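A.B. asks: First, the structure itself, so that you have it in front of you.
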Amino acid sequence: MLVWHIKYTASFVSAILLSALASQSYSFQLTPGGTAKERQLAANNGVKYKVSIPIFYGAMHKFGDPTHEALTQKIYGCDGDWDKCANPDLEDAGAYILAGVRWNDDLVFMPGEEEISKFDCIYQNTVGFITQTGCWLRIFRSAEEKSAKNPQAFMGVGNYLSRSHFGDLQFLHSMAAQDGESAQHTKDKILMWAEFAWGVADGTYPINTYLRNVHINGWNEHFNNRDAVQDLYTIGRPWLRPHIKEVAFGSLLHVIEDSFSYAHVERRNALDGEKCVDGKYAVAGRIIEFHSYSRQDHKKHKSSDTNIAAKSMLETEKVDVVDVGKKLREFLADGKKWGDVKPYFDECVFALDGEPRAASPGVGYKIY
């Protein structure tokens, strides 16, 4: 195992990783260093974003190409070419939306006893990719190895980082938690999360809402601790709290964006003229299968989560993720509540195709 221990500013690390590690991916990738605006906001609050990086195979699944940033900037009106929109420091979407988009891949949390003793995390410092990179990567790599041997290892157990990438919270990436999970069950969890995130974005769930007081079907199976909305989205990042609605909406966009990644979801091509919600909107490609990650070939997975793959998706899909994202922005601006927008999620964005298959690694992603 090759390990480099480097301490540089996040912007310098970003340049290195974009060239050296762009092939490592899981969901649509993110630029490693975050936005200049968020780094400035962090510095204003006494937090210095510096990255200490041990680099080894498989560690950089989440960061490389600025694919999520580019898709989000396009949703917010960037009409330039891909390279222009891939600049995370554009002001189309803004720092708070992009912080939310990044959140699904980097669920910042306070380290517990295991993380401190086993992974050398710093006590009372939040674990995040930019703030405790070495600790973050050691946890990620350990969870990756453990879940490969036991796919049940992080089903409701462990920190948010391990659970979101390898356990029961994989609906944050529009993926099933395990092989054999029905498409309807995965869809139900995605809609559960969408209802919550929309509720934070529209003010239904204020920042001081305890997660245990969120009354959504299935919610307590995943979030039954003492955290509040503030802890979930912004622990250690107080500069985001006045903009919690934007952060929550950004995290919802991440789920939508991942659902258009071929390594996450197999969709059929959208049917010409197919409409939903009483003929108001176009139906995105119906879902044939939600994939599960634990038994996927990670090298095959990476080819579907790059800038090239995302650009191809936008060029070939009649109803693409940018169309969906713009429609959701309209709904939010119009003050629509979850009851008004649920049909759009249910019938238009996550519509199932006839008899969808149960989760598997997916055709073309299996380990042979």
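Going by the structure tokens order, chains are called A, B, ..., each with residues numbered from 1, while ligands are numbered from 1 in the order shown.
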List every residue of segment 116-334 of chain A that DSSP, applied to the backbone of this structure, places in strand (DSSP E), and write the result as a CSV table (one decimal) with C-alpha atoms, in the first residue's frame.

C.D. replies:
chain,number,residue,atom,x,y,z
A,265,VAL,CA,-29.8,3.1,-11.9
A,266,GLU,CA,-30.8,1.3,-15.1
A,267,ARG,CA,-33.4,3.4,-16.9
A,275,LYS,CA,-46.8,12.3,-19.7
A,276,CYS,CA,-47.4,12.1,-16.0
A,281,TYR,CA,-45.1,16.8,-17.3
A,282,ALA,CA,-42.8,14.5,-19.3
A,287,ILE,CA,-36.5,2.6,-13.9
A,288,ILE,CA,-35.7,-1.0,-14.7
A,289,GLU,CA,-33.3,-1.6,-11.7
A,290,PHE,CA,-31.7,0.2,-8.9

A.B. asks: I want to know what sits within 7 Å of Leu172 of chain A, based on only C-alpha atoms, with residues of the same chain fewer than 3 positions away left out; could you give that as an NGL selection string?

C.D. replies: :A and (104 or 164 or 169 or 255)

A.B. asks: Determine which residues of segment 217-315 of chain A DSSP labels as alpha helix (DSSP H) from the backbone of this structure, then write them out as number ranges by chain.

C.D. replies: A: 229-234, 244-258, 298-302, 307-315

A.B. asks: List the neighbours of Glu181 of chain A out to 9 Å using only C-alpha atoms; skip same-chain residues closer than 2 positions along the sequence, and give me the result as an MDAnalysis selection string.

C.D. replies: chainID A and resid 176:179 183:186 290 292 358:360

A.B. asks: Atoms to include: C-alpha atoms. Write the selected residues as an mmCIF file, in the first residue's frame.

C.D. replies:
data_model
loop_
_atom_site.group_PDB
_atom_site.id
_atom_site.type_symbol
_atom_site.label_atom_id
_atom_site.label_comp_id
_atom_site.auth_asym_id
_atom_site.auth_seq_id
_atom_site.Cartn_x
_atom_site.Cartn_y
_atom_site.Cartn_z
ATOM 1 C CA ALA A 176 -30.297 -0.155 -3.139
ATOM 2 C CA ALA A 177 -28.763 -1.132 0.184
ATOM 3 C CA GLN A 178 -28.124 -4.730 -0.893
ATOM 4 C CA ASP A 179 -28.615 -7.286 -3.641
ATOM 5 C CA ALA A 183 -37.114 -1.647 -6.705
ATOM 6 C CA GLN A 184 -40.254 -0.508 -4.917
ATOM 7 C CA HIS A 185 -38.510 -0.725 -1.529
ATOM 8 C CA THR A 186 -35.575 1.348 -2.770
ATOM 9 C CA PHE A 290 -31.701 0.208 -8.850
ATOM 10 C CA SER A 292 -26.446 -2.225 -5.383
ATOM 11 C CA ALA A 358 -34.626 -6.629 -7.847
ATOM 12 C CA ALA A 359 -31.320 -4.947 -7.076
ATOM 13 C CA SER A 360 -28.099 -6.435 -8.363
#

A.B. asks: Which one of A:Phe223, A:Phe109, A:Phe350, A:Phe154 sits closest to Gln132 of chain A if you count only C-alpha atoms?

C.D. replies: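 Ranking A:Phe223, A:Phe109, A:Phe350, A:Phe154 by distance to Gln132 of chain A, first place goes to A:Phe109.
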
A.B. asks: Return as a tab-separated table the residues of segment 94-200 of chain A lying at most 12 Å from segment 63-76 of chain A, together with the closest atom-to-atom pair for each and the distance in Å to one decimal, counting only C-alpha atoms, with rows in chain order and ascending residue number.

C.D. replies:
residue	atom	partner	partner_atom	distance
A:Gly94	CA	A:Gln73	CA	8.5
A:Ala95	CA	A:Glu69	CA	10.4
A:Tyr96	CA	A:Thr72	CA	11.7
A:Ile97	CA	A:Thr72	CA	8.4
A:Leu98	CA	A:Glu69	CA	6.9
A:Ala99	CA	A:Glu69	CA	9.9
A:Gly100	CA	A:Thr72	CA	10.7
A:Val101	CA	A:His68	CA	7.3
A:Arg102	CA	A:His68	CA	8.1
A:Trp103	CA	A:His68	CA	11.4
A:Asn104	CA	A:His68	CA	11.0
A:Asp105	CA	A:Phe63	CA	8.9
A:Asp106	CA	A:Phe63	CA	10.1
A:Phe129	CA	A:Phe63	CA	9.6
A:Ile130	CA	A:Phe63	CA	11.2
A:Thr133	CA	A:Phe63	CA	11.9
A:Leu137	CA	A:Phe63	CA	11.5
A:His173	CA	A:His68	CA	11.9

A.B. asks: Store the residues picked out above, limited to N, CA and C atoms, as a PDB file, in the first residue's frame.

C.D. replies:
ATOM      1  N   GLY A  94     -24.355  28.807  -6.428  1.00  0.00           N
ATOM      2  CA  GLY A  94     -23.950  29.408  -5.160  1.00  0.00           C
ATOM      3  C   GLY A  94     -23.386  28.393  -4.186  1.00  0.00           C
ATOM      4  N   ALA A  95     -22.669  28.891  -3.191  1.00  0.00           N
ATOM      5  CA  ALA A  95     -21.914  28.037  -2.275  1.00  0.00           C
ATOM      6  C   ALA A  95     -22.802  27.142  -1.428  1.00  0.00           C
ATOM      7  N   TYR A  96     -23.985  27.599  -1.054  1.00  0.00           N
ATOM      8  CA  TYR A  96     -24.807  26.840  -0.109  1.00  0.00           C
ATOM      9  C   TYR A  96     -25.508  25.669  -0.795  1.00  0.00           C
ATOM     10  N   ILE A  97     -25.986  25.869  -2.001  1.00  0.00           N
ATOM     11  CA  ILE A  97     -26.546  24.748  -2.768  1.00  0.00           C
ATOM     12  C   ILE A  97     -25.464  23.704  -3.016  1.00  0.00           C
ATOM     13  N   LEU A  98     -24.273  24.161  -3.412  1.00  0.00           N
ATOM     14  CA  LEU A  98     -23.198  23.209  -3.694  1.00  0.00           C
ATOM     15  C   LEU A  98     -22.724  22.502  -2.428  1.00  0.00           C
ATOM     16  N   ALA A  99     -22.771  23.189  -1.290  1.00  0.00           N
ATOM     17  CA  ALA A  99     -22.436  22.522  -0.032  1.00  0.00           C
ATOM     18  C   ALA A  99     -23.409  21.383   0.234  1.00  0.00           C
ATOM     19  N   GLY A 100     -24.683  21.595  -0.089  1.00  0.00           N
ATOM     20  CA  GLY A 100     -25.664  20.533   0.056  1.00  0.00           C
ATOM     21  C   GLY A 100     -25.442  19.403  -0.916  1.00  0.00           C
ATOM     22  N   VAL A 101     -25.082  19.732  -2.147  1.00  0.00           N
ATOM     23  CA  VAL A 101     -24.784  18.692  -3.135  1.00  0.00           C
ATOM     24  C   VAL A 101     -23.614  17.840  -2.673  1.00  0.00           C
ATOM     25  N   ARG A 102     -22.623  18.450  -2.061  1.00  0.00           N
ATOM     26  CA  ARG A 102     -21.455  17.719  -1.571  1.00  0.00           C
ATOM     27  C   ARG A 102     -21.786  16.867  -0.342  1.00  0.00           C
ATOM     28  N   TRP A 103     -22.791  17.285   0.404  1.00  0.00           N
ATOM     29  CA  TRP A 103     -23.081  16.664   1.688  1.00  0.00           C
ATOM     30  C   TRP A 103     -23.327  15.158   1.566  1.00  0.00           C
ATOM     31  N   ASN A 104     -24.040  14.707   0.550  1.00  0.00           N
ATOM     32  CA  ASN A 104     -24.357  13.279   0.436  1.00  0.00           C
ATOM     33  C   ASN A 104     -23.112  12.414   0.386  1.00  0.00           C
ATOM     34  N   ASP A 105     -22.037  12.929  -0.181  1.00  0.00           N
ATOM     35  CA  ASP A 105     -20.793  12.172  -0.267  1.00  0.00           C
ATOM     36  C   ASP A 105     -19.874  12.431   0.913  1.00  0.00           C
ATOM     37  N   ASP A 106     -20.189  13.434   1.698  1.00  0.00           N
ATOM     38  CA  ASP A 106     -19.306  13.823   2.802  1.00  0.00           C
ATOM     39  C   ASP A 106     -20.158  14.237   3.998  1.00  0.00           C
ATOM     40  N   PHE A 129     -14.158  15.322   4.771  1.00  0.00           N
ATOM     41  CA  PHE A 129     -13.061  15.095   3.835  1.00  0.00           C
ATOM     42  C   PHE A 129     -12.042  16.220   3.876  1.00  0.00           C
ATOM     43  N   ILE A 130     -12.512  17.443   4.018  1.00  0.00           N
ATOM     44  CA  ILE A 130     -11.607  18.588   3.967  1.00  0.00           C
ATOM     45  C   ILE A 130     -10.993  18.877   5.326  1.00  0.00           C
ATOM     46  N   THR A 133      -9.039  14.688   6.601  1.00  0.00           N
ATOM     47  CA  THR A 133      -8.984  13.861   5.407  1.00  0.00           C
ATOM     48  C   THR A 133      -8.423  12.469   5.675  1.00  0.00           C
ATOM     49  N   LEU A 137     -10.529   9.058   5.105  1.00  0.00           N
ATOM     50  CA  LEU A 137     -10.139   8.022   4.152  1.00  0.00           C
ATOM     51  C   LEU A 137      -9.910   6.672   4.829  1.00  0.00           C
ATOM     52  N   HIS A 173     -27.781   8.011  -2.584  1.00  0.00           N
ATOM     53  CA  HIS A 173     -27.148   7.967  -3.900  1.00  0.00           C
ATOM     54  C   HIS A 173     -28.039   7.259  -4.914  1.00  0.00           C
TER      55      HIS A 173
END

A.B. asks: So which residues touch Phe119 of chain A within 10 Å, counting only C-alpha atoms, skipping near sequence neighbours fewer than 6 positions away, as a list of chain:residue names?

C.D. replies: A:Pro111, A:Glu113, A:Gly134, A:Cys135, A:Trp136, A:Leu137, A:Arg138, A:Ile139, A:Ser142

A.B. asks: Could those residues be written to a file, using N, CA and C atoms, as a PDB file, in the first residue's frame?

C.D. replies:
ATOM      1  N   PRO A 111     -16.583  12.299  15.642  1.00  0.00           N
ATOM      2  CA  PRO A 111     -16.032  10.951  15.816  1.00  0.00           C
ATOM      3  C   PRO A 111     -16.383  10.373  17.180  1.00  0.00           C
ATOM      4  N   GLU A 113     -15.778   6.857  19.896  1.00  0.00           N
ATOM      5  CA  GLU A 113     -14.608   6.198  20.486  1.00  0.00           C
ATOM      6  C   GLU A 113     -13.879   5.329  19.473  1.00  0.00           C
ATOM      7  N   GLY A 134      -7.319  12.403   6.387  1.00  0.00           N
ATOM      8  CA  GLY A 134      -6.721  11.095   6.653  1.00  0.00           C
ATOM      9  C   GLY A 134      -7.659  10.192   7.415  1.00  0.00           C
ATOM     10  N   CYS A 135      -8.263  10.716   8.452  1.00  0.00           N
ATOM     11  CA  CYS A 135      -9.261   9.971   9.237  1.00  0.00           C
ATOM     12  C   CYS A 135     -10.407   9.539   8.343  1.00  0.00           C
ATOM     13  N   TRP A 136     -10.933  10.456   7.531  1.00  0.00           N
ATOM     14  CA  TRP A 136     -12.049  10.178   6.614  1.00  0.00           C
ATOM     15  C   TRP A 136     -11.711   9.008   5.699  1.00  0.00           C
ATOM     16  N   LEU A 137     -10.529   9.058   5.105  1.00  0.00           N
ATOM     17  CA  LEU A 137     -10.139   8.022   4.152  1.00  0.00           C
ATOM     18  C   LEU A 137      -9.910   6.672   4.829  1.00  0.00           C
ATOM     19  N   ARG A 138      -9.360   6.682   6.037  1.00  0.00           N
ATOM     20  CA  ARG A 138      -9.172   5.413   6.748  1.00  0.00           C
ATOM     21  C   ARG A 138     -10.511   4.769   7.080  1.00  0.00           C
ATOM     22  N   ILE A 139     -11.483   5.581   7.484  1.00  0.00           N
ATOM     23  CA  ILE A 139     -12.823   5.051   7.755  1.00  0.00           C
ATOM     24  C   ILE A 139     -13.446   4.504   6.472  1.00  0.00           C
ATOM     25  N   SER A 142     -11.728   1.218   5.342  1.00  0.00           N
ATOM     26  CA  SER A 142     -12.079   0.121   6.237  1.00  0.00           C
ATOM     27  C   SER A 142     -13.503  -0.356   5.977  1.00  0.00           C
TER      28      SER A 142
END

A.B. asks: Applying 9 Å and only C-alpha atoms, which residues near Phe166 of chain A remain after dropping the ones on its own chain fewer than 3 positions away? List them as a ChimeraX atom specification.

C.D. replies: /A:143-144,147-148,151-155,161-163,169-170,177-178,293-294

A.B. asks: Taking only C-alpha atoms into account, name the residue in A:Val283, A:Ala194, A:Leu232, A:Val341 that is nearest to Leu211 of chain A.

C.D. replies: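 Smallest distance to Leu211 of chain A is found for A:Leu232.
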
A.B. asks: Given the choices A:Leu352, A:Ala201, A:Ala263, A:Ala310, which gets closest to Leu328 of chain A if the distance is worked out from only C-alpha atoms?

C.D. replies: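 Checking each candidate against Leu328 of chain A, we get A:Ala201 as the closest.
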
A.B. asks: What's around Glu195 of chain A at 12 Å? Count only C-alpha atoms, leave out sequence neighbours fewer than 4 positions away in its own chain, and write the answer as a list of chain:residue names.

C.D. replies: A:Asp188, A:Lys189, A:Ile190, A:Leu191, A:Gly199, A:Val200, A:Ala201, A:Asp202, A:Gly203, A:Thr204, A:Tyr205, A:Val214, A:His215, A:Ile216, A:Asn217, A:Gly218, A:Trp219, A:Ala248, A:Phe249, A:Leu252, A:Lys337, A:Trp338, A:Gly339, A:Asp340, A:Val341, A:Lys342, A:Pro343, A:Phe345, A:Asp346

A.B. asks: Could you jot down the atom CA of Gly273 of chain A to atom CA of Ser182 of chain A separation for me, Å, one decimal place?

C.D. replies: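 Distance between the two atoms: 27.9 Å.
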
A.B. asks: Just want the 8 Å neighbourhood of Ile256 of chain A, counted on only C-alpha atoms, with same-chain residues fewer than 5 positions away dropped. Output as a ChimeraX atom specification.

C.D. replies: /A:174,321,325

A.B. asks: By how many Å are atom CA of Phe196 of chain A and atom CA of Asn225 of chain A apart?

C.D. replies: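 According to the coordinates, atom CA of Phe196 of chain A and atom CA of Asn225 of chain A are separated by 15.9 Å.
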